[in-house]
Every structure is written in C-alpha cells, then in structure tokens.
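Shown next: target11.cif, given as mmCIF, C-alpha atoms.
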data_query
loop_
_atom_site.label_atom_id
_atom_site.label_comp_id
_atom_site.auth_asym_id
_atom_site.auth_seq_id
_atom_site.Cartn_x
_atom_site.Cartn_y
_atom_site.Cartn_z
CA MET D 7 13.34 -13.22 -9.28
CA ASP D 8 10.77 -11.60 -7.12
CA ARG D 9 8.32 -8.95 -8.16
CA TRP D 10 6.40 -6.34 -6.34
CA GLY D 11 2.53 -6.81 -6.32
CA GLY D 12 1.02 -3.91 -4.34
CA SER D 13 -2.53 -5.22 -3.65
CA ALA D 14 -4.65 -3.09 -1.74
CA ARG D 15 -5.18 -3.73 1.93
CA GLY D 16 -7.82 -2.28 3.92
CA SER D 17 -7.20 -0.83 7.40
CA GLY D 18 -8.31 -2.64 10.47
CA ALA D 19 -10.41 -1.58 13.41
CA GLY D 20 -9.98 1.92 14.74
CA ASP D 21 -7.76 2.82 17.67
CA SER D 22 -9.06 2.68 21.18
CA ASN D 23 -10.36 5.85 22.73
CA GLY D 24 -8.76 6.19 26.14
CA THR D 25 -9.97 9.72 26.86
CA ALA D 26 -13.47 8.60 27.79
CA ALA D 27 -12.27 7.11 31.06
CA ALA D 28 -10.68 10.33 32.26
CA ARG D 29 -13.71 12.34 31.28
CA SER D 30 -16.10 9.92 32.98
CA ASP D 31 -14.06 9.86 36.19
CA SER D 32 -13.70 13.62 36.41
CA GLY D 33 -17.41 14.02 35.79
CA THR D 34 -18.34 12.13 38.95
CA GLY D 35 -16.07 13.91 41.38
CA GLY D 36 -16.85 17.20 43.10
CA THR D 37 -20.50 17.38 42.18
CA ALA D 38 -21.65 16.69 45.75
CA ILE D 39 -20.02 19.90 46.99
CA GLY D 40 -22.51 22.71 47.01
CA PRO D 41 -24.30 25.18 49.24
CA GLY D 42 -25.82 23.64 52.34
CA PRO D 43 -29.33 24.27 53.58
CA GLY D 44 -30.00 27.97 53.97
CA PRO D 45 -31.22 29.63 57.12
CA GLY D 46 -34.63 28.39 58.15
CA THR D 47 -34.43 25.41 55.77
CA GLY D 48 -35.35 22.18 57.55
CA VAL D 49 -34.91 18.64 56.48
CA GLY D 50 -37.68 18.98 53.96
CA GLY D 51 -35.92 22.01 52.41
CA GLY D 52 -32.80 19.94 51.79
CA ARG D 53 -34.58 17.28 49.79
CA PRO D 54 -34.23 18.95 46.35
CA LEU D 55 -30.45 18.99 46.79
CA GLY D 56 -30.51 15.37 47.83
CA GLY D 57 -32.63 14.50 44.78
CA ARG D 58 -30.20 16.19 42.42
CA LEU D 59 -27.30 14.40 44.07
CA ALA D 60 -29.08 11.07 43.78
CA ALA D 61 -29.72 11.64 40.07
CA LEU D 62 -26.07 12.56 39.45
CA LEU D 63 -24.86 9.55 41.37
CA ALA D 64 -27.26 7.30 39.45
CA THR D 65 -25.97 8.67 36.12
CA ALA D 66 -22.35 8.15 37.19
CA LEU D 67 -23.19 4.62 38.27
CA LEU D 68 -24.77 3.88 34.88
CA LEU D 69 -21.65 5.15 33.10
CA ALA D 70 -19.47 2.93 35.25
CA LEU D 71 -21.72 -0.05 34.63
CA SER D 72 -21.65 0.59 30.88
CA GLN D 73 -17.84 0.46 30.97
CA LEU D 74 -17.95 -2.79 32.92
CA ALA D 75 -20.37 -4.15 30.33
CA ALA D 76 -17.83 -3.34 27.65
CA LEU D 77 -15.28 -5.48 29.43
CA ALA D 78 -17.64 -8.44 29.28
CA TRP D 79 -18.90 -7.77 25.71
CA PRO D 80 -18.37 -10.75 23.34
CA ALA D 81 -15.44 -10.52 20.96
CA HIS D 82 -16.43 -9.62 17.47
CA ALA D 83 7.03 -11.01 -12.75
CA CYS D 84 9.70 -9.76 -13.54
CA GLY D 85 8.83 -7.96 -16.76
CA CYS D 86 12.33 -6.55 -16.42
CA GLY D 87 13.69 -9.32 -18.60
CA ALA D 88 16.37 -11.57 -17.17
CA MET D 89 18.75 -10.85 -14.32
CA VAL D 90 22.11 -12.59 -14.82
CA THR D 91 24.69 -12.85 -12.02
CA ALA D 92 28.13 -14.35 -11.73
CA ASP D 93 28.42 -17.99 -10.71
CA GLY D 94 27.76 -18.67 -7.05
CA SER D 95 26.06 -15.36 -6.29
CA GLU D 96 22.43 -14.51 -5.73
CA LEU D 97 20.34 -11.49 -6.59
CA SER D 98 16.60 -10.99 -6.33
CA VAL D 99 14.34 -8.19 -7.46
CA THR D 100 12.37 -7.30 -4.34
CA GLU D 101 10.38 -4.54 -6.00
CA GLU D 102 9.68 -3.57 -9.60
CA SER D 103 7.73 -0.66 -11.00
CA ALA D 104 7.30 -0.06 -14.73
CA VAL D 105 5.70 2.70 -16.79
CA VAL D 106 4.67 2.23 -20.41
CA VAL D 107 4.13 5.40 -22.45
CA TRP D 108 2.45 4.97 -25.85
CA ASP D 109 2.34 8.01 -28.11
CA GLY D 110 0.10 6.37 -30.69
CA ASP D 111 2.57 7.29 -33.44
CA GLY D 112 4.77 4.18 -33.31
CA THR D 113 7.01 5.29 -30.45
CA GLN D 114 6.97 3.61 -27.05
CA GLN D 115 8.77 4.27 -23.80
CA ILE D 116 9.35 1.92 -20.88
CA VAL D 117 10.57 3.45 -17.63
CA MET D 118 11.58 0.84 -15.10
CA ARG D 119 12.94 0.93 -11.58
CA LEU D 120 14.20 -2.14 -9.73
CA THR D 121 14.91 -2.67 -6.05
CA VAL D 122 17.38 -5.53 -5.60
CA ASP D 123 18.83 -7.56 -2.76
CA GLY D 124 21.43 -10.30 -2.53
CA ASP D 125 25.14 -10.99 -2.29
CA ALA D 126 26.08 -10.39 -5.93
CA ALA D 127 28.96 -8.01 -6.58
CA ALA D 128 27.95 -7.71 -10.23
CA ALA D 129 24.95 -8.57 -12.37
CA ALA D 130 23.44 -7.94 -15.77
CA TRP D 131 19.91 -7.29 -16.88
CA VAL D 132 18.82 -8.43 -20.34
CA MET D 133 15.72 -6.88 -21.91
CA PRO D 134 14.47 -7.77 -25.40
CA VAL D 135 13.03 -4.88 -27.43
CA PRO D 136 11.29 -5.01 -30.84
CA ASP D 137 13.55 -2.34 -32.37
CA ARG D 138 16.72 -0.41 -31.66
CA ALA D 139 16.35 1.34 -28.33
CA GLU D 140 17.59 4.61 -26.97
CA VAL D 141 18.49 4.20 -23.30
CA THR D 142 18.65 7.06 -20.81
CA LEU D 143 18.26 7.49 -17.07
CA GLY D 144 14.76 8.02 -15.74
CA ASP D 145 13.57 10.25 -12.91
CA PRO D 146 12.87 8.39 -9.63
CA GLU D 147 10.28 11.03 -8.69
CA LEU D 148 8.05 9.68 -11.47
CA PHE D 149 7.08 6.66 -9.38
CA ALA D 150 6.33 8.68 -6.28
CA GLU D 151 4.05 10.95 -8.33
CA LEU D 152 2.26 7.96 -9.87
CA ALA D 153 1.71 6.41 -6.45
CA GLU D 154 0.12 9.64 -5.23
CA VAL D 155 -2.14 10.07 -8.26
CA ALA D 156 -3.36 6.45 -8.23
CA ALA D 157 -3.67 6.15 -4.45
CA PRO D 158 -6.91 4.51 -3.27
CA GLU D 159 -9.66 6.63 -1.82
CA GLN D 160 -9.66 6.36 1.96
CA ARG D 161 -13.03 5.76 3.62
CA VAL D 162 -13.74 5.26 7.31
CA ASP D 163 -16.80 3.30 8.45
CA ARG D 164 -17.71 3.88 12.09
CA TYR D 165 -19.29 1.19 14.23
CA PHE D 166 -21.34 1.58 17.41
CA TRP D 167 -20.55 -1.30 19.78
CA PRO D 168 -16.92 -1.70 20.96
CA ARG D 169 -14.63 -4.40 19.63
CA PRO D 170 -11.41 -5.95 20.93
CA GLY D 171 -8.82 -3.21 21.19
CA ASP D 172 -11.36 -0.44 21.85
CA TRP D 173 -11.15 1.11 25.29
CA PRO D 174 -11.81 -0.13 27.90
CA ARG D 175 -11.18 -3.56 26.37
CA GLU D 176 -7.65 -4.69 25.60
CA ALA D 177 -6.62 -6.01 22.22
CA PRO D 178 -5.87 -9.75 22.12
CA ALA D 179 -2.20 -10.71 22.15
CA ASP D 180 -0.60 -11.54 18.82
CA THR D 181 0.23 -15.21 18.17
CA ALA D 182 1.32 -15.18 15.96
CA GLY D 183 27.99 -22.02 -31.06
CA ALA D 184 27.99 -18.80 -33.35
CA SER D 185 26.84 -18.83 -36.97
CA GLU D 186 29.15 -17.87 -39.81
CA GLY D 187 28.17 -15.06 -42.16
CA SER D 188 28.89 -11.57 -43.35
CA ALA D 189 27.25 -9.97 -40.32
CA PRO D 190 28.70 -10.54 -36.86
CA PRO D 191 26.62 -12.88 -34.68
CA VAL D 192 26.50 -10.16 -32.02
CA ALA D 193 26.70 -6.50 -32.89
CA VAL D 194 27.25 -3.91 -30.19
CA VAL D 195 25.26 -1.02 -31.62
CA GLY D 196 25.89 1.24 -28.65
CA ARG D 197 27.49 1.31 -25.25
CA GLU D 198 27.42 4.03 -22.63
CA ARG D 199 27.71 4.65 -18.92
CA LEU D 200 24.48 5.89 -17.31
CA GLY D 201 24.75 6.51 -13.58
CA PRO D 202 25.26 3.10 -11.97
CA PHE D 203 24.67 1.28 -15.27
CA ASP D 204 26.99 0.12 -18.04
CA VAL D 205 24.52 -0.21 -20.92
CA ALA D 206 25.20 -2.21 -24.08
CA ARG D 207 22.66 -2.26 -26.90
CA LEU D 208 23.04 -5.53 -28.75
CA ALA D 209 21.79 -7.13 -31.95
CA ALA D 210 22.26 -10.91 -31.85
CA ALA D 211 21.96 -13.34 -34.74
CA ASP D 212 21.33 -16.25 -32.39
CA PRO D 213 20.98 -16.83 -28.66
CA ALA D 214 24.18 -18.88 -28.41
CA ALA D 215 26.18 -15.94 -29.74
CA LEU D 216 24.52 -13.67 -27.21
CA ALA D 217 25.39 -16.14 -24.45
CA ARG D 218 29.02 -16.14 -25.59
CA TRP D 219 29.17 -12.35 -25.63
CA LEU D 220 27.87 -12.12 -22.10
CA ALA D 221 30.27 -14.83 -20.90
CA GLU D 222 33.23 -13.04 -22.49
CA ASN D 223 32.19 -9.90 -20.65
CA GLY D 224 32.13 -11.58 -17.27
CA PHE D 225 28.66 -13.11 -17.03
CA ALA D 226 27.45 -16.65 -17.58
CA LEU D 227 24.10 -17.17 -19.29
CA SER D 228 22.11 -20.25 -18.41
CA ASP D 229 21.05 -22.75 -21.07
CA ARG D 230 17.38 -22.14 -20.18
CA LEU D 231 17.70 -18.43 -20.90
CA THR D 232 19.36 -19.20 -24.21
CA GLY D 233 16.30 -21.19 -25.24
CA ALA D 234 13.94 -18.49 -24.00
CA LEU D 235 15.65 -15.93 -26.24
CA GLU D 236 15.05 -17.97 -29.42
CA PRO D 237 11.59 -16.48 -30.22
CA TYR D 238 13.05 -12.97 -30.00
CA VAL D 239 15.96 -13.87 -32.25
CA ALA D 240 13.55 -15.39 -34.79
CA ALA D 241 11.46 -12.19 -34.72
CA GLY D 242 14.50 -9.98 -35.27
CA TRP D 243 14.35 -8.23 -31.90
CA GLU D 244 17.33 -6.51 -30.32
CA TYR D 245 18.51 -6.53 -26.71
CA VAL D 246 19.50 -4.11 -24.02
CA ALA D 247 22.13 -5.63 -21.73
CA VAL D 248 22.80 -3.67 -18.57
CA ARG D 249 25.70 -4.18 -16.19
CA LEU D 250 24.60 -2.98 -12.79
CA ALA D 251 27.48 -1.19 -11.07
CA PRO D 252 27.32 -2.08 -7.37
CA GLU D 253 26.39 0.28 -4.59
CA GLU D 254 29.43 0.06 -2.35
CA VAL D 255 28.98 -0.90 1.26
CA PRO D 256 31.77 -0.04 3.76
CA GLY D 257 33.05 -2.55 6.29
CA GLY D 258 35.48 -5.45 6.48
CA ALA D 259 39.27 -5.63 6.55
CA ASP D 260 39.73 -6.73 2.96
CA PRO D 261 39.03 -3.88 0.51
CA GLY D 262 37.78 -6.55 -1.85
CA GLY D 263 36.28 -4.86 -4.84
CA GLY D 264 37.59 -1.50 -3.83
CA ALA D 265 34.77 -0.27 -1.66
CA PRO D 266 35.68 2.81 0.39
CA GLY D 267 36.63 1.70 3.90
CA GLY D 268 36.97 -1.91 2.83
CA GLY D 269 34.40 -4.57 2.06
CA GLU D 270 32.97 -6.09 -1.06
CA PRO D 271 30.76 -3.92 -3.25
CA VAL D 272 27.30 -5.42 -3.46
CA LEU D 273 24.08 -4.64 -5.29
CA ALA D 274 21.46 -3.47 -2.84
CA GLY D 275 18.44 -1.20 -2.58
CA PRO D 276 16.54 0.78 -5.20
CA LEU D 277 18.37 1.37 -8.46
CA GLU D 278 18.02 4.43 -10.61
CA PRO D 279 15.27 4.09 -13.22
CA LEU D 280 16.13 3.38 -16.83
CA ARG D 281 14.13 4.73 -19.75
CA LEU D 282 13.99 2.71 -22.99
CA THR D 283 12.56 4.38 -26.10
CA PHE D 284 12.00 2.37 -29.28
CA ALA D 285 9.80 2.11 -32.34
CA THR D 286 6.98 -0.42 -32.52
CA ASP D 287 3.73 -0.78 -34.43
CA ARG D 288 1.83 -1.62 -31.24
CA PRO D 289 2.66 -1.21 -27.55
CA VAL D 290 4.21 -4.24 -25.91
CA TYR D 291 5.65 -5.18 -22.55
CA PRO D 292 8.19 -8.06 -22.80
CA MET D 293 7.34 -10.84 -20.35
CA ARG D 294 8.47 -14.12 -21.92
CA LEU D 295 11.78 -14.29 -20.04
CA SER D 296 9.93 -14.23 -16.73
CA GLN D 297 8.99 -17.88 -17.35
CA LEU D 298 12.44 -18.71 -15.95
CA ALA D 299 11.57 -17.36 -12.50
CA ALA D 300 11.62 -19.87 -9.66
CA THR D 301 8.94 -18.23 -7.50
CA GLN D 302 5.51 -16.67 -7.99
CA GLN D 303 5.68 -13.36 -9.84
CA ALA D 304 3.61 -10.19 -9.78
CA LEU D 305 3.50 -7.44 -12.37
CA ARG D 306 2.32 -3.85 -12.04
CA LEU D 307 2.15 -1.67 -15.15
CA HIS D 308 1.37 2.04 -15.31
CA VAL D 309 0.21 2.73 -18.88
CA LEU D 310 -0.03 6.30 -20.19
CA ALA D 311 -1.90 6.44 -23.50
CA ASP D 312 -4.72 8.31 -25.22
CA HIS D 313 -7.34 5.93 -23.83
CA ARG D 314 -7.89 3.35 -21.12
CA THR D 315 -5.74 0.29 -21.84
CA VAL D 316 -6.01 -3.46 -21.31
CA THR D 317 -3.88 -6.45 -22.20
CA GLU D 318 -4.85 -8.74 -25.08
CA GLY D 319 -4.67 -11.81 -22.86
CA THR D 320 -3.35 -13.24 -19.63
CA ILE D 321 -0.26 -14.96 -21.17
CA GLY D 322 -0.46 -17.76 -18.60
CA GLY D 323 -1.14 -15.69 -15.49
CA ASP D 324 -4.14 -14.80 -13.39
CA PRO D 325 -6.75 -12.35 -14.73
CA VAL D 326 -5.42 -8.81 -15.07
CA ASP D 327 -6.90 -6.38 -12.54
CA VAL D 328 -7.42 -2.68 -13.17
CA VAL D 329 -6.10 -0.91 -10.09
CA PHE D 330 -6.68 2.66 -11.32
CA ALA D 331 -8.09 4.29 -14.44
CA GLY D 332 -8.39 8.02 -14.93
CA ARG D 333 -7.60 10.87 -17.32
CA LEU D 334 -4.72 13.13 -16.28
CA THR D 335 -4.31 16.73 -17.38
CA PRO D 336 -1.35 19.04 -16.80
CA ASP D 337 -3.54 21.46 -14.85
CA GLY D 338 -4.09 18.84 -12.17
CA LEU D 339 -0.40 17.96 -11.75
CA ALA D 340 2.51 19.73 -10.14
CA PRO D 341 5.59 20.37 -12.30
CA GLY D 342 7.59 17.16 -12.48
CA PRO D 343 8.35 14.07 -14.57
CA LEU D 344 4.76 12.82 -14.65
CA ARG D 345 3.45 16.13 -15.92
CA SER D 346 6.04 16.12 -18.72
CA LEU D 347 4.89 12.64 -19.80
CA VAL D 348 1.22 13.60 -19.64
CA GLY D 349 1.72 16.48 -22.07
CA GLU D 350 -1.63 17.97 -23.00
CA GLY D 351 -3.40 15.03 -21.39
CA ARG D 352 -3.25 11.23 -21.20
CA PHE D 353 -5.24 8.40 -19.71
CA LEU D 354 -3.49 6.52 -16.91
CA THR D 355 -4.33 2.84 -16.48
CA VAL D 356 -2.65 0.88 -13.68
CA LEU D 357 -2.74 -2.90 -14.18
CA HIS D 358 -1.82 -5.67 -11.76
CA GLN D 359 -1.36 -9.36 -12.51
CA ASP D 360 -0.11 -12.35 -10.53
CA PHE D 361 1.73 -15.32 -12.03
CA PRO D 362 1.44 -18.27 -9.62
CA ASP D 363 3.30 -20.50 -12.09
CA PRO D 364 5.89 -18.44 -14.02
CA ALA D 365 6.71 -21.44 -16.23
CA ALA D 366 3.24 -21.03 -17.76
CA ILE D 367 4.09 -17.59 -19.20
CA ASP D 368 3.79 -18.05 -22.95
CA GLY D 369 4.29 -14.62 -24.49
CA ASP D 370 4.54 -10.86 -24.08
CA HIS D 371 1.84 -8.43 -23.04
CA HIS D 372 0.40 -6.56 -26.02
CA LEU D 373 -1.61 -3.54 -24.92
CA VAL D 374 -4.82 -2.46 -26.64
CA ARG D 375 -7.52 0.15 -26.12
CA ASP D 376 -10.26 -0.84 -23.71
CA ARG D 377 -13.94 -0.78 -24.72
CA THR D 378 -14.60 2.23 -22.50
CA ASP D 379 -12.77 5.11 -20.89
CA ALA D 380 -14.64 4.66 -17.62
CA GLU D 381 -12.65 5.95 -14.68
CA PHE D 382 -11.98 3.83 -11.62
CA ARG D 383 -10.31 4.25 -8.25
CA ARG D 384 -10.09 1.66 -5.49
CA VAL D 385 -11.55 2.35 -2.09
CA GLU D 386 -9.78 1.27 1.07
CA ALA D 387 -12.29 1.16 3.90
CA GLY D 388 -11.22 1.37 7.51
CA GLU D 389 -13.29 1.13 10.66
CA GLU D 390 -13.25 2.98 13.95
CA LEU D 391 -15.43 3.26 17.04
CA LEU D 392 -18.10 5.96 16.78
CA THR D 393 -17.48 8.71 19.33
CA TRP D 394 -19.24 11.91 20.34
CA GLY D 395 -16.38 14.13 21.32
CA PRO D 396 -14.09 12.10 23.57
CA VAL D 397 -16.88 9.75 24.72
CA PRO D 398 -17.83 6.54 22.86
CA ALA D 399 -21.34 7.03 21.50
CA TRP D 400 -22.61 3.75 22.91
CA GLN D 401 -21.66 4.81 26.44
CA ALA D 402 -23.43 8.14 26.09
CA VAL D 403 -26.58 6.41 24.80
CA VAL D 404 -26.59 3.83 27.59
CA ALA D 405 -26.05 6.51 30.21
CA ALA D 406 -28.69 8.81 28.75
CA SER D 407 -31.24 6.01 28.64
CA GLY D 408 -30.78 5.50 32.37
CA VAL D 409 -31.34 9.13 33.34
CA PRO D 410 -35.18 9.01 33.01
CA VAL D 411 -35.26 5.91 35.20
CA ALA D 412 -33.13 7.58 37.84
CA ALA D 413 -35.25 10.73 37.65
CA ALA D 414 -38.45 8.71 38.09
CA VAL D 415 -37.04 7.00 41.18
CA VAL D 416 -36.08 10.35 42.68
CA ALA D 417 -39.49 11.85 41.86
CA LEU D 418 -41.31 9.01 43.58
CA ARG D 419 -39.16 9.46 46.62
CA LEU D 420 -39.88 13.17 46.79
CA ARG D 421 -43.63 12.62 46.48
CA ARG D 422 -43.79 10.17 49.40
CA PRO D 423 -45.68 11.88 52.37
CA ALA D 424 -43.54 12.84 55.32
CA ALA D 425 -44.09 10.98 58.61
CA ARG D 426 -46.24 12.97 61.11
CA PRO D 427 -44.65 13.80 64.47
CA GLU D 428 -45.93 11.79 67.45
CA GLY D 429 -48.82 13.37 69.36
CA THR D 430 -50.17 15.14 66.29
CA ALA D 431 -53.87 14.58 65.73
CA ALA D 432 -55.26 13.69 62.40
CA GLY D 433 -56.80 17.12 62.10
CA GLY D 434 -53.50 18.74 62.75
CA GLY D 435 -54.20 20.01 66.29
CA PRO D 436 -52.30 18.97 69.41
CA GLY D 437 -53.42 15.75 70.98
CA ARG D 438 -54.90 15.68 74.40
#
Same coordinates, now as structure tokens:
Amino acid sequence: MDRWGGSARGSGAGDSNGTAAARSDSGTGGTAIGPGPGPGTGVGGGRPLGGRLAALLATALLLALSQLAALAWPAHACGCGAMVTADGSELSVTEESAVVVWDGDGTQQIVMRLTVDGDAAAAAWVMPVPDRAEVTLGDPELFAELAEVAAPEQRVDRYFWPRPGDWPREAPADTAGASEGSAPPVAVVGRERLGPFDVARLAAADPAALARWLAENGFALSDRLTGALEPYVAAGWEYVAVRLAPEEVPGGADPGGGAPGGGEPVLAGPLEPLRLTFATDRPVYPMRLSQLAATQQALRLHVLADHRTVTEGTIGGDPVDVVFAGRLTPDGLAPGPLRSLVGEGRFLTVLHQDFPDPAAIDGDHHLVRDRTDAEFRRVEAGEELLTWGPVPAWQAVVAASGVPVAAAVVALRLRRPAARPEGTAAGGGPGR
C-alpha cells in the first residue's frame, strides 16, 4: 500500500510583473504638451523647453531599450499495519498521518488517519499492539492543527536580473491450522462500532488461527501476512482488526450493496481517525507488516513526548529525517484536540522516513529521547524579481544610469554658440 511522504518543496521563481509596461508607456505620453514660447521669446528662448523634452525622450527611449534587452537576455510505509481486502478487489492507502503520544508513565496513544482509494467494497486493517488496546475515534482537526504548527518557515529571496517568466519575457512552454488447548486460539476481547469502523480487538494464539478468524468473517488473509505475524504472536502481542465500512457512492442501476440511489458502496477518501491507547514499557510504532508492501513506502510520525524524540534505528529504510522539532505550550495553541494532547506542555518531533525496498523492513520503530532538545523548523525559500513599486528594479537602474548621459548631451547642445546672421560684422556692428 502507498504512504504519504510530505517532503518539503521549495517555491519556484516569482510571478512576472506586468504593471511595469503600463507605467512605462503612460510615463512617455503627454509630456511634450506644455506652454509654448511666451511673448517676446525667440528661438533661443524656446531652447530650455526643447532641452527638457529631449531629456525626457532620451529617458523614455532608455526604458524601452531596457525592456527590449530583457527580451534578448539569456535564459537562466504503511505503519498502519496490514490492509486486507476481499479477493479480486484493490485498495491503496494514498495518504497516512500518524501521531504517537508518550506520557512517560507506560501509556501510549497512536492516532492514525488513512486516505484510501480503490474498488474494494470492504476491507480490514490489522494492527499489532504490545498490550490490550482501547480503541476510540480520533478528531480529524488534530492533523490540520499539527500541519499548521509544523509548517515550514516561508522565505522569499529576491533577484535582480529577470528570468524566464518575468515580464516582459514569456515563460517557456511545458513539455512536459489452530492449536488445541484450554484457551481459544483467537479470543475476541472486544468489539464495537465506531463511526465507519467495525472494530474487533483480538488475542491470537497463532497466526493461522488469526487467518481463519478473518476468513470466517469475510476476509482472506494471505500466507505472507500469516508469516509476518509470527514474531508478534511469539512476543504475546494482541491485534486490532478493523472492518472499514464503505463510504457509499450513488450511481448505477443495480443497488448492489445498498447504496442510496444505486451503485456499489466503495471505500474512498479520507477515513475518520482512530485512536489506540495501550500500555507499553517503551514507545513503539509497529512497522514490521509494511514489509509486505509492493511499492516504495514513506512514513511520517508526529511524536508528542516530554523531550525531542528519535528512532533507535532505521529498520531497513533510509535515514530518518527530522522535519520539525519544537516545544509546544497550551498558551501558544488555540482550543482544540492538539492543545488537549499537549497538556501543560510537550515537545513535538515530526519524523519522516522513506523505504525504497519495503521487503527490507526488519522490525518496529522504538522511540527514544534524543541527545538534545534543540528546536528545528524547515525553511522553504522562494524567489521573485526585485521591484521598486510596480517597476522592476533593474529597469529603473538602467534608465537612471542613462539620464546623466542624456543630460550631458543636452547641455553640450545648449552651450554651442548660435550662428551669426549674415552681414553682421565681427565686432557686432552692421557691415558696410
């Protein structure tokens, strides 16, 4: 089954700034209209106006050239246990989020939410636990609150020269058998209906008996899963078997499984979270059954404990990454499920691990205190074109650098001596 990873991605280049073109165009129109030469002002009196006009036109030309230059600028796993479906049907876990809460007094909670997809009308989820578990519904808001608290810091780096996609350049196109004995081989220690789940808490003397129980209740258990359960049976663990009641989808002439409006009921979308509470001498997250997965797996754990937490080992996967680490207090949280779990204060550690080869998984994740309580938050850096107001900064700089040149040209023109009228002597008197 599939698992949700959640690696951080950084944002790409900033959006293009199209307002600079309108501002540049409007800045060059209408400036030539102004008062004409006043009474008694000759050609020489009109030169200052002509000089100002020439400077403005030169600046506008430089802005236009800078935009043309831009056009030619070079381009720069499922820890959820085992999902069992009826023969011939398929079901995959498209997203999994899990929270481990360790009180430090021998009590552990696992809150898990699965998002599933497939054509199965029924399925079961098997989760080994080290002791008898209490199972209740969780609050889906818990995961939204955790995502907000552990969200990466957003940072924007601004660059000077334009890149593909920045105005006025266009972005490139995308190419894109049971044992005999006094105790029953399988004991149903509890069974209840919780929202969409039919939950059975089981104690099994051997994996074959557990397989038979599931088969008699409408689900076939593969031989591989039977073998994977043997270490848990040897250790005296118990099991939580969950029948997922389908979310009914209307449509179709045949009412099938009794869906309103016709159509077969199928399992689809996010399921309500389940909370498992059990006793253990050290916090653990069961992972061994994920070795049966056919595709690469990814695990994300949110651990709430007194201190920063790490796993004892990699259990056959890639190195475990710390995605977030920080101490939470009730004062910094809004009323909700996360605040109730934090109590007077807990340290939140978010861990991520990939399993390229699920068959290599060789155990469960045991969680231990890290060497330090150093806090950590990822940074997602984006980039955008540096602007001054609506104008790209590089255009303003290029245009401004051309103004002194234009002014010097105009000044030289104004200082050039005027041509003397014909018949005027060098001394200024009339010629003879």
Could you give me, as JSON lines, a per-residue list for region 108-152 of chain D showing, wherever an atom lies at most 12 Å from an atom of region 212-220 of chain D, the closest pair of atoms and their distance in Å to one decimal, using all atoms listed in the file and sorting by chain then residue number from low to high?
{"residue": "D:Ala129", "atom": "CA", "partner": "D:Leu220", "partner_atom": "CA", "distance": 10.8}
{"residue": "D:Ala130", "atom": "CA", "partner": "D:Leu220", "partner_atom": "CA", "distance": 8.8}
{"residue": "D:Trp131", "atom": "CA", "partner": "D:Leu220", "partner_atom": "CA", "distance": 10.7}
{"residue": "D:Val132", "atom": "CA", "partner": "D:Leu220", "partner_atom": "CA", "distance": 9.9}
{"residue": "D:Pro134", "atom": "CA", "partner": "D:Pro213", "partner_atom": "CA", "distance": 11.6}
**OP:** Specify as a ChimeraX atom specification each residue included when the PyMOL selection byres ((chain D and resi 238) around 10) is applied to this file.
**Re:** /D:134-136,210,212-213,234-237,239-245,292,294
Output for the residues just chosen: C-alpha atoms as a short mmCIF file (atom, residue, chain, number, x, y, z; two decimals), in the coordinates of the input:
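Everything below was put into part33.cif:
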data_model
loop_
_atom_site.label_atom_id
_atom_site.label_comp_id
_atom_site.auth_asym_id
_atom_site.auth_seq_id
_atom_site.Cartn_x
_atom_site.Cartn_y
_atom_site.Cartn_z
CA PRO D 134 14.47 -7.77 -25.40
CA VAL D 135 13.03 -4.88 -27.43
CA PRO D 136 11.29 -5.01 -30.84
CA ALA D 210 22.26 -10.91 -31.85
CA ASP D 212 21.33 -16.25 -32.39
CA PRO D 213 20.98 -16.83 -28.66
CA ALA D 234 13.94 -18.49 -24.00
CA LEU D 235 15.65 -15.93 -26.24
CA GLU D 236 15.05 -17.97 -29.42
CA PRO D 237 11.59 -16.48 -30.22
CA VAL D 239 15.96 -13.87 -32.25
CA ALA D 240 13.55 -15.39 -34.79
CA ALA D 241 11.46 -12.19 -34.72
CA GLY D 242 14.50 -9.98 -35.27
CA TRP D 243 14.35 -8.23 -31.90
CA GLU D 244 17.33 -6.51 -30.32
CA TYR D 245 18.51 -6.53 -26.71
CA PRO D 292 8.19 -8.06 -22.80
CA ARG D 294 8.47 -14.12 -21.92
#
Original post:
Using all atoms listed in the file, which of D:Ala300, D:Ile116, D:Val356, D:Val404 sits nearest Ala153 (chain D)?
Top reply: D:Val356
Original post:
Val107 (chain D): which residues within 8 Å, counting only C-alpha atoms, same-chain residues fewer than 2 positions away excluded, as number ranges by chain?
Top reply: D: 105, 109, 114-116, 309-311, 347
Could you turn the residues from that selection into a file that holds C-alpha atoms, as a short mmCIF file (atom, residue, chain, number, x, y, z; two decimals), in the coordinates of the input?
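Done, and the output landed in again.cif:
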data_model
loop_
_atom_site.label_atom_id
_atom_site.label_comp_id
_atom_site.auth_asym_id
_atom_site.auth_seq_id
_atom_site.Cartn_x
_atom_site.Cartn_y
_atom_site.Cartn_z
CA VAL D 105 5.70 2.70 -16.79
CA ASP D 109 2.34 8.01 -28.11
CA GLN D 114 6.97 3.61 -27.05
CA GLN D 115 8.77 4.27 -23.80
CA ILE D 116 9.35 1.92 -20.88
CA VAL D 309 0.21 2.73 -18.88
CA LEU D 310 -0.03 6.30 -20.19
CA ALA D 311 -1.90 6.44 -23.50
CA LEU D 347 4.89 12.64 -19.80
#
Original post:
Looking at all atoms listed in the file, which of D:Leu97, D:Leu420, D:Leu208, D:Leu339 is the one that sits closest to Gly351 (chain D)?
Top reply: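 Once distances to Gly351 (chain D) are computed over all atoms listed in the file, the minimum belongs to D:Leu339.
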